[in-house]
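Worksheet: one structure, shown below.
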Amino acid sequence: MKFRPIALTATLVVTGASAALTSTAAFAQAKEQFFPALVYRTGAYAPNGVPFANGYVDYFKLVNAKGGINGVKIIFEECETGYATDRGVECYERLKNKNGGATVFQPLSTGITFALTEKAPGDKIPLITAGYGRADSADGMAFKWNFPLIGTYWTGADILVQHVTKTQGPLKGKKIALVYHDSPYGKEPITLLQERAKLDGFELQLLPVAHPGVEQKATWLQIRQSRPDYVFLWGWGVMNSTSLKEAQATGYPREKMYGVWWSGAEPDVKDVGMGAKGYHALAMQHGAEPNAKVIKDVLAMVHDKGQGTGPKDEVGQVLYMRGMISAMMAVEGVKRAQERFGKGKVMTGEQARWGYENLALDQKALDALGFSGVMRPVSTSCADHMGASWARVHTWDGAKWDFTSGWYESDQSIIKPLVKASAEKYMAEKKLQRRTPEDCQS
Amino acid sequence: MLYRENGQFKTNYRADQQIFPITQDRFAIGLLLVFAVVGVPLLADEYLFRAILIPFLILSLAALGLNILVGYCGQISLGTGAFMAVGAYAAYNFSIRIEGMPLLLSLLMGGVCATVAGVLFGIPSLRIKGLYLAVATLAAQFFWDWAFLRIKWFTNYTASGSVSVSSLDVFGMPVDSPQRKYLLCLAILIVFGVAAKNLVRSHIGREWMAIRDMDVAAAVIGIRPVYAKLSAFAVSSFIVGVAGALWGFVHLGAWEPAAFSIDRSFQLLFMIIIGGLGSIMGSFFGAAFIVILPIFLNQLLPWLGRLVGVEIDTALVSHTELMIFGGLIVFFLIVEPHGLARLWSTAKEKLRLWPFPH
C-alpha cells in the first residue's frame, strides 16, 4: 500500500521533531531578560495588530543596540494569537516559562486580558494593558498583577465626552450613538458613558457590531433613522474602516464622528482616504510621531542596519508608536526594579511587578529616552496602577493625522468611584481580599 | 502474531458482548488508562497540561457528544457551540447565584440546561432532515450567541459581558494545579466515554442507528422517531453542555460568547468527520487531530527554520500552518473518507494477519 511509507516518514518526522523541541528549552542562559510578544499578524485584526507588533519588537531591538537594560540583553519571542482567546491562552502557556520565565505579558486583546487576569496571579507574571483591558484594574489594591498604564477605556470615553462638550457646547438634550465592537472591548466603556449621560443629560444610543465588523449596513441604517448628534466609534481592525465607509455612504458627517484611540490610526482611515476627512479620534498621549528622537534612533540603529521589523515607511505611525511606548514602559519597569533588586541582574516577573508598581518616568527620563513630546510623565503607585490619563484629539485631514486639541485629563471624580465599585464587585465574586498596605512593600 | 484472538473462546453471552472482546485490546486499553491516570501526571509539564492535554480532553468530550447526534443518529447539527455556551453560562449562573454550590453539581446542571436547550432546538428535526436540519440548528447558534451577548442577567450584569470563575474545588479539594485540572477532566471524560459507549450498544443506540440508516424503515419496525431523535439530541446536548462548562471553568477561566462562536461548531463537526462518524474512538482521533496538530505545526515550523538558519516570520508560520492543516484534512479525507477511526480498524485487521497476509 502506497500510504505506508508516507505514514512512516510522517511518524519519524513527528517523533524526531518533538524530541528536538523539548531539548531546545534547555539552552536558556543567564543575563537575558525575556519578553514574550503576543501578536496577531494574521486575521481580521491584522491591519492594526501588525504595526503594533512591529513597534513593540523594534523597541527591544533598539534597547539591545544601545546595550540592553544596564547590560542585560533582551530576548523576545513572538507568538501568533490571531486575536482569539484560546490561542492567546495557549501562547501564554507556551511562553511563560521559556528562557528563564516571562517578564510581562501584553496581549493587546481585551478578551485575552480577561482570561490572563485569572492566570497571572498564580504564575506571578504581571500584565501590562496600556490603553485597553479591564478599566477597574486601575485599582492596584484589588488587581495586584494588572497594569492598565496611561489609560483605560473609561478614561478614554470620559475624555471624548469632555472634548465634545468643550468644542461643541453642552451636551444636554443631545444624542450620542456608540458604535461598538460587540465584545468585552466594545462593551467596557458603556458603564462610564451611561454615568456621563446621567450627569450631562445626553441620550446614549448603543449600536453593537458583530465580530469581525465588516457587516454594518443595519447599524448605519439605524443611524440614518435616529440621526444622532455625534457618533462615538469603538472599533478595531477592519471594523473601523468599514464604519467610515458606511458613514460616507449614508452621508453621516465625519466631523461628528469621534473614535477611541484604537480607532484612530493609519490602517483605519488609509483606505477611505479623503472620505474620512474630518474624522476625529483620541490620541493616547501620542499620535503619529515620525519626528520623535526615538524614531530617529530606531531608524539609524535598527532599520538602517537591516534589522528592522516591517516596512520602514510605517515606522512612527500611530500604532507603531503605541507598540513602542508599551515596550518602553515594560523595559522601564524592569529598569526600575533593578534599582531595588540589583543593577544588571535579570528580574523575575515578581520583581518586575514591583518595578511597574513604582514606575517613575518624569520628563527628564522621557527626554533621555527620546520620548519628549510623545508622551507625558507617568508615575504609578500601589493604589494607582494607571499612572496617568492624559490624551489629545487628532483629526484626519485626508492624508495624515493632525493634533486638533490640547491635553485633557480624565475626570477622576467620576471614574474613581466606578473603578472602586467594579473592583469591589469583582473581589466579592471571587471572594478575594483587598491588599493590605504591608503588601505594597513587597 | 501477537495480535490474534485464536483460542479466546466465549462461553457465555456476557463474555461475547463485552466492549473489547479481544484480550489484547482489553490489555492495551487498560495500559492506556493507567498511563493516562498515573503516567501522564508524572511526566507532562505545565505547558503540555494547560495548552494541549486539557483542551484535548474537553474537546474530545464535546466531539463525543456531537458524534452521538451526528454519527449515530444521523442528525446534522451546527449548534454545538451554542450548546457548549448554554452549558458554560448555566454552570456559571448556578455557581455564583447559589451559595456553596459544588463544582461538579454546577457542571452537571450546565449539562441539564444544555439538554433542555438541545431538545427544544431538536424539535424541528422531526420534520426536516439532512442539510435543512443543519440550517435549522444554526438558529440555535445565533439565538444563544445573541442571548449571551444581550441578556445581561446571564452574565451577572458585568460591564464587559465577560464572565470569570475562580477557586474551583471538588469534594473540598482545590482544583488549582494543572495536574488536578487534567485529572478532573480525565475522570469526567472516562465516565462519559464509558456511558456513551454503553448507550450506543444498547437498544437506544440501535434505535438511533436505525433512524440514521433509514427513518421510514425504522418507523415501520416500531421505533418511534420522536423518541429516538429527541433522546439523541438530549444525550448529545448534555455531554456537549458539560464539555462547554469545563471549557469555560477549567480551561479558559474567563470567557465571552466568542469562545463558543460558530467557528467552534464547525471545528467540532470537522473533528468527528475527520475522526470518524459513528465511532467513539473517532471522536478522540478527531479532537487530537484538530487540537494538537495546529499547535504542533506552529512550533515545528520556526524550529525547522532555525535548523537551516532562517528566522521565519510569525505571519508566515501562521499562514503555512493553515495551509498544511487544510492540506492534511483533504489528504485524510481522500485516503480514508470514513475517518481516522476506520484507518485504525484497518490497521488492526492487518495486524491480525501479520506477518502472514494470506
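Identifiers in this document derive from the order of the C-alpha cells: chains are assigned A, B, ..., residues are numbered from 1 separately in each chain, and ligands are numbered from 1 in order of occurrence.
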Skipping near chain neighbours, those fewer than 5 positions away, what residues fall within 12 Å of Ala187 in chain B using only C-alpha atoms, listed as a short mmCIF file (atom, residue, chain, number, x, y, z; two decimals) with N, CA and C atoms, in the first residue's frame?
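What follows is the written file selection_10.cif:
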```
data_model
loop_
_atom_site.label_atom_id
_atom_site.label_comp_id
_atom_site.auth_asym_id
_atom_site.auth_seq_id
_atom_site.Cartn_x
_atom_site.Cartn_y
_atom_site.Cartn_z
N LEU B 33 -5.17 3.51 29.97
CA LEU B 33 -5.84 4.21 31.06
C LEU B 33 -4.89 4.44 32.23
N ALA B 36 -2.65 7.16 31.30
CA ALA B 36 -3.28 8.48 31.32
C ALA B 36 -3.48 8.97 32.75
N VAL B 37 -3.81 8.04 33.66
CA VAL B 37 -4.13 8.46 35.03
C VAL B 37 -2.87 8.62 35.88
N ILE B 54 -5.44 19.44 28.40
CA ILE B 54 -6.76 19.81 28.92
C ILE B 54 -7.71 20.21 27.78
N LEU B 57 -8.77 16.98 26.03
CA LEU B 57 -9.76 16.17 26.75
C LEU B 57 -11.14 16.80 26.66
N ILE B 58 -11.21 18.12 26.84
CA ILE B 58 -12.53 18.77 26.86
C ILE B 58 -13.17 18.72 25.48
N LEU B 61 -14.50 15.39 24.64
CA LEU B 61 -15.80 15.16 25.26
C LEU B 61 -16.91 15.79 24.42
N LEU B 104 -18.94 20.15 40.79
CA LEU B 104 -19.43 19.07 39.94
C LEU B 104 -20.91 19.22 39.66
N VAL B 170 -13.36 20.35 44.25
CA VAL B 170 -14.18 19.15 44.15
C VAL B 170 -14.04 18.39 45.46
N ARG B 180 -4.28 18.54 38.63
CA ARG B 180 -5.61 18.27 39.16
C ARG B 180 -6.69 18.61 38.14
N LYS B 181 -6.46 19.69 37.41
CA LYS B 181 -7.43 20.05 36.37
C LYS B 181 -7.51 18.93 35.33
N TYR B 182 -6.31 18.45 34.96
CA TYR B 182 -6.24 17.37 33.98
C TYR B 182 -6.99 16.15 34.49
N PHE B 192 -18.06 9.68 31.06
CA PHE B 192 -18.96 9.90 29.93
C PHE B 192 -18.64 8.99 28.76
N GLY B 193 -17.34 8.68 28.59
CA GLY B 193 -16.95 7.79 27.49
C GLY B 193 -17.55 6.41 27.67
N VAL B 194 -17.41 5.88 28.88
CA VAL B 194 -17.95 4.54 29.15
C VAL B 194 -19.48 4.56 29.01
#
```
Surrounding residues of range 221-229 of chain A excluding itself and chain neighbours under 3 positions, 6 Å, only C-alpha atoms, as a VMD selection string: chain A and resid 175 to 177 218
With only C-alpha atoms counted and 6 Å as the cut-off, give the residues of range 83-185 of chain A in contact with range 403-421 of chain A, each with its shortest interatomic distance in Å and the pair that gives it, as a Markdown table.
```
| residue | atom | partner | partner_atom | distance |
| --- | --- | --- | --- | --- |
| A:Asp136 | CA | A:Val419 | CA | 4.5 |
| A:Thr155 | CA | A:Ser410 | CA | 5.2 |
| A:Asp158 | CA | A:Ser410 | CA | 5.9 |
| A:Ile159 | CA | A:Ser410 | CA | 5.5 |
```
Which of range 98-231 of chain B DSSP labels helix (DSSP H, G or I), written as number ranges by chain: B: 103-126, 130-150, 152-155, 178-200, 203-213, 215-220, 225-231
Surrounding residues of Leu42 in chain B excluding itself and chain neighbours under 6 positions, 12 Å, only C-alpha atoms, as a ChimeraX atom specification: /B:34-36,48-49,178-180,182-183
